[in-house]
Amino acid sequence: AIAKLPFVLNPEENLKNNRHTALGMLNSVLKKYCKDPEERKPFYEALKKMIDKKHLVLVDDLAPKHKEMIANAKVSYWIPWNIQFKDSLSTPIRLVFNASSATQSGLSLNDCLAKGVPDLVQLLSVMLEWQMGPSAFCGDISQFYPTILLSEEHWQYQRVLLRENLDPDGKLLEAVLVKLGFGVLNVSAQSEETVRRVAKELWDTFPAVAALLILRRYVDDIAKSTKSKKESLQLIKEKLNMLIKGWAVAGEAPPPDVSKDGVSVELGGNTWFTESDLYTLNNSPLCFDKKKRGKLPQGSIHYDPKTMKLDKFVPNQLTRRMITSSLAKVWDLCGKVTPVTLKFKHDLRRLIREAPLWDSPISSQARALWLQNFDIMEEIRNIVYVRCSRPADANRYTCRLWILVDAAEWGMIVTVYVGWERKNGRYSCSHLFGKGLLGPEGLTLPQKELHILSVGADVKELLSVMLEEWIEEILVAGDSEIALCWILYETVKLNQYNRVRVINITSKLSSQNLFHIK
């Protein structure tokens, strides 16, 4: 695949030479990280990897016509770069490019490019489907972005400055990023379009691969559940080995090239223990230090309940900024701990009224409350979840979903349960998805019940598409008689707020699938 930079502004009119900015950044990074030859090694290895794989090409190594083309370019853009640390098995240290660095015109390369539309819903779809079948597998596409070449006519907009061996006193070198690079605005959307075109080419010959690329992939991660381990292995061995550097399969230990510890893999923000087919939310222990370049400062301390007291670990001068930062680190895409995180949101809303300033110490009463919340955050890190709850005596591989909604004075919840019919005629049910919302202020309780029922209708629409191959029916229920009356009695005159939600619900839900729970 070959891509051009999708300019929405003319680069020759809106970009100015920024070589001096890139050179200043280069010198600053090398002085900070690469003074000592021993400390320089991992950074040089990261650079050498990019050069060996032909992502970065030195200008001296270009063909004469390409040298001439770049030398004669009316306008060039030099991308400043920095070091980024990441908790990654394959690339713990990365060179990250900053195409948002402004030139003398005040505009950067990214300011001149189209962005595309990110789709986080696709990740939710992948993770929910991954929980449905008795077996599952996951893997990631090797070198996702840099597999796409940049058109030669735009090479002058991805120029890079280096020094020989990354030595701060080394010879100055010039290079070109000849593939789609991290940090350039258009990369995500163009890589997604590339995958869609590849899938289109594969529909006739490899339909299973094409379906995975479109429906069961988020960026470079692919995950899917299947009816059996045999089906998982057959899909991988016969269809997918060409794409992926390593696969993890339920019931087997993960291969070393995708696992840090030999027992688990990271997927969608969760830690999956493949052999036991269990997973946990991959939330880090409590820490109030700030990351710099993706890495915590040397000497940073994480909370350890076995050796520390929480009251001593949490700063006495606790601020709303610290609390908000800690709360934002709780990753729970599928809503496994929704009642708890909704409580956190409610307590944070109250704190905003009490302490509107970000960095002012909160009161001792508020600190005591958040000590309890921090303790709960640590507890939920230890919960282990079963990936697929389908019992061995289930009648079939399709199931029903119950979407239950409720609202209270300050909070609203929608939660989804999957139910497998067993041979004895009863159902085996377990939690699949949840979402908690703070109640809009100024509304009556029936209006909040109607609002969350409308959200439940939206969730029903999403799940009917996301899990189409696994579900046979979706039922929705709430406990508000007034909200249900607004929906069912067509002659009742409603205000605009209620009417909009009633229309949304009736357009997505049949009255036969809508239930009242006393």
# chains A, B, ... in the order shown; residues from 1 in each chain; ligands from 1
$ select_by_dssp --residues "region 44-188 of chain A" --states "strand (DSSP E or B)" --output "PyMOL selection string"
chain A and resi 56-58+78+81-85+93-97+113+135-141+149-150+159-163+172-177+179
$ write_last_selection --atoms "N, CA and C atoms" --output "short mmCIF file (atom, residue, chain, number, x, y, z; two decimals), in the first residue's frame"
data_model
loop_
_atom_site.label_atom_id
_atom_site.label_comp_id
_atom_site.auth_asym_id
_atom_site.auth_seq_id
_atom_site.Cartn_x
_atom_site.Cartn_y
_atom_site.Cartn_z
N LEU A 56 13.04 4.33 8.34
CA LEU A 56 13.86 5.53 8.17
C LEU A 56 14.97 5.22 7.18
N VAL A 57 15.17 6.10 6.22
CA VAL A 57 16.25 5.93 5.24
C VAL A 57 17.12 7.18 5.26
N LEU A 58 18.44 6.98 5.44
CA LEU A 58 19.37 8.10 5.41
C LEU A 58 19.39 8.71 4.01
N TRP A 78 10.60 19.30 8.79
CA TRP A 78 11.48 18.44 9.59
C TRP A 78 10.72 18.05 10.86
N TRP A 81 11.79 14.77 16.99
CA TRP A 81 11.48 13.50 17.63
C TRP A 81 11.99 13.46 19.05
N ASN A 82 11.41 12.54 19.83
CA ASN A 82 11.78 12.40 21.23
C ASN A 82 11.75 10.92 21.59
N ILE A 83 12.09 10.62 22.83
CA ILE A 83 12.09 9.24 23.33
C ILE A 83 10.82 9.01 24.12
N GLN A 84 10.18 7.86 23.91
CA GLN A 84 9.00 7.49 24.69
C GLN A 84 9.21 6.10 25.26
N PHE A 85 8.94 5.95 26.56
CA PHE A 85 9.03 4.64 27.21
C PHE A 85 7.64 4.04 27.25
N ILE A 93 11.17 0.92 24.19
CA ILE A 93 11.62 2.29 23.92
C ILE A 93 11.30 2.62 22.47
N ARG A 94 10.68 3.76 22.26
CA ARG A 94 10.28 4.15 20.91
C ARG A 94 10.78 5.55 20.59
N LEU A 95 11.05 5.77 19.33
CA LEU A 95 11.27 7.12 18.84
C LEU A 95 9.91 7.66 18.41
N VAL A 96 9.45 8.72 19.04
CA VAL A 96 8.14 9.29 18.72
C VAL A 96 8.34 10.62 17.99
N PHE A 97 7.56 10.81 16.95
CA PHE A 97 7.71 11.98 16.08
C PHE A 97 6.59 12.98 16.36
N LEU A 113 -3.22 18.63 7.74
CA LEU A 113 -3.66 17.29 7.32
C LEU A 113 -5.06 16.96 7.81
N SER A 135 -14.26 -21.01 23.33
CA SER A 135 -12.83 -20.86 23.08
C SER A 135 -12.58 -19.46 22.51
N ALA A 136 -11.31 -19.03 22.52
CA ALA A 136 -10.99 -17.70 22.00
C ALA A 136 -9.51 -17.64 21.65
N PHE A 137 -9.14 -16.64 20.86
CA PHE A 137 -7.74 -16.40 20.55
C PHE A 137 -7.53 -14.91 20.33
N CYS A 138 -6.28 -14.48 20.39
CA CYS A 138 -5.95 -13.08 20.10
C CYS A 138 -4.53 -13.00 19.56
N GLY A 139 -4.23 -11.92 18.87
CA GLY A 139 -2.90 -11.66 18.33
C GLY A 139 -2.84 -10.23 17.84
N ASP A 140 -1.66 -9.76 17.49
CA ASP A 140 -1.59 -8.41 16.91
C ASP A 140 -0.79 -8.42 15.62
N ILE A 141 -1.19 -7.52 14.73
CA ILE A 141 -0.57 -7.42 13.42
C ILE A 141 0.82 -6.83 13.57
N LEU A 149 3.65 2.41 2.76
CA LEU A 149 4.67 3.31 2.22
C LEU A 149 4.12 4.70 2.00
N LEU A 150 4.97 5.70 2.19
CA LEU A 150 4.60 7.08 1.87
C LEU A 150 5.00 7.38 0.43
N ARG A 159 10.99 14.72 6.86
CA ARG A 159 12.44 14.69 7.01
C ARG A 159 12.80 14.66 8.49
N VAL A 160 13.92 14.00 8.79
CA VAL A 160 14.33 13.79 10.19
C VAL A 160 15.82 14.06 10.32
N LEU A 161 16.21 14.68 11.43
CA LEU A 161 17.63 14.91 11.74
C LEU A 161 18.10 13.89 12.78
N LEU A 162 19.31 13.35 12.57
CA LEU A 162 19.92 12.39 13.48
C LEU A 162 21.39 12.76 13.70
N ARG A 163 22.01 12.09 14.63
CA ARG A 163 23.47 12.18 14.78
C ARG A 163 24.04 10.77 14.76
N LEU A 172 26.23 15.15 12.10
CA LEU A 172 24.82 15.37 11.82
C LEU A 172 24.40 14.63 10.55
N LEU A 173 23.32 13.86 10.66
CA LEU A 173 22.81 13.08 9.54
C LEU A 173 21.39 13.51 9.21
N GLU A 174 21.03 13.34 7.95
CA GLU A 174 19.66 13.61 7.52
C GLU A 174 19.03 12.31 7.04
N ALA A 175 17.73 12.16 7.36
CA ALA A 175 17.01 10.96 6.97
C ALA A 175 15.59 11.33 6.55
N VAL A 176 14.91 10.35 5.98
CA VAL A 176 13.53 10.53 5.54
C VAL A 176 12.69 9.39 6.10
N LEU A 177 11.56 9.72 6.68
CA LEU A 177 10.61 8.71 7.13
C LEU A 177 9.75 8.34 5.93
N LYS A 179 7.75 5.80 5.38
CA LYS A 179 6.51 5.08 5.62
C LYS A 179 5.62 5.91 6.53
#
$ residues_around --residues "Trp272 (chain A)" --least-positions-apart "5" --cutoff "12 Å" --atoms "only C-alpha atoms" --output "PyMOL selection string"
chain A and resi 127+130-131+136-138+223+248-254+258-267+277-282+384-387
$ write_last_selection --atoms "C-alpha atoms" --output "mmCIF file, in the first residue's frame"
data_model
loop_
_atom_site.group_PDB
_atom_site.id
_atom_site.type_symbol
_atom_site.label_atom_id
_atom_site.label_comp_id
_atom_site.auth_asym_id
_atom_site.auth_seq_id
_atom_site.Cartn_x
_atom_site.Cartn_y
_atom_site.Cartn_z
ATOM 1 C CA MET A 127 -13.985 -7.284 23.727
ATOM 2 C CA TRP A 130 -14.351 -12.227 22.786
ATOM 3 C CA GLN A 131 -16.344 -13.200 25.913
ATOM 4 C CA ALA A 136 -10.987 -17.696 22.001
ATOM 5 C CA PHE A 137 -7.736 -16.397 20.552
ATOM 6 C CA CYS A 138 -5.950 -13.083 20.099
ATOM 7 C CA ALA A 223 -9.419 -11.110 19.026
ATOM 8 C CA ALA A 248 -2.539 -16.678 22.226
ATOM 9 C CA VAL A 249 -5.259 -19.346 22.459
ATOM 10 C CA ALA A 250 -7.600 -20.208 25.347
ATOM 11 C CA GLY A 251 -6.460 -23.334 27.154
ATOM 12 C CA GLU A 252 -2.798 -22.973 26.165
ATOM 13 C CA ALA A 253 0.163 -21.061 27.571
ATOM 14 C CA PRO A 254 0.884 -17.985 25.412
ATOM 15 C CA VAL A 258 3.402 -12.078 22.915
ATOM 16 C CA SER A 259 3.724 -12.616 26.689
ATOM 17 C CA LYS A 260 5.936 -10.927 29.281
ATOM 18 C CA ASP A 261 5.492 -13.531 32.009
ATOM 19 C CA GLY A 262 4.711 -16.709 30.063
ATOM 20 C CA VAL A 263 1.177 -17.002 31.484
ATOM 21 C CA SER A 264 -0.738 -13.895 30.370
ATOM 22 C CA VAL A 265 -1.244 -11.462 27.491
ATOM 23 C CA GLU A 266 -2.518 -7.889 27.387
ATOM 24 C CA LEU A 267 -5.772 -7.412 25.466
ATOM 25 C CA ASP A 277 -9.121 -18.681 30.525
ATOM 26 C CA LEU A 278 -9.542 -16.025 33.227
ATOM 27 C CA TYR A 279 -8.813 -12.322 33.106
ATOM 28 C CA THR A 280 -8.389 -9.268 35.325
ATOM 29 C CA LEU A 281 -8.708 -5.534 34.792
ATOM 30 C CA ASN A 282 -5.200 -4.312 34.087
ATOM 31 C CA VAL A 384 -10.651 -12.340 38.547
ATOM 32 C CA TYR A 385 -13.290 -12.838 35.852
ATOM 33 C CA VAL A 386 -14.283 -15.887 33.819
ATOM 34 C CA ARG A 387 -13.980 -15.000 30.142
#
$ closest_residue --among "A:Tyr397, A:Phe433, A:Phe288, A:Tyr427" --to "Ile471 (chain A)" --atoms "only C-alpha atoms"
A:Tyr397
$ atom_distance --atom1 "CA of Ile214 (chain A)" --atom2 "CA of Lys460 (chain A)"
21.1 Å
$ residues_around --residues "Ala394 (chain A)" --least-positions-apart "6" --cutoff "12 Å" --atoms "only C-alpha atoms" --output "ChimeraX atom specification"
/A:133-134,419-429
$ closest_residue --among "A:Pro285, A:Gly436, A:Pro361, A:Pro42" --to "Leu333 (chain A)" --atoms "only C-alpha atoms"
A:Gly436
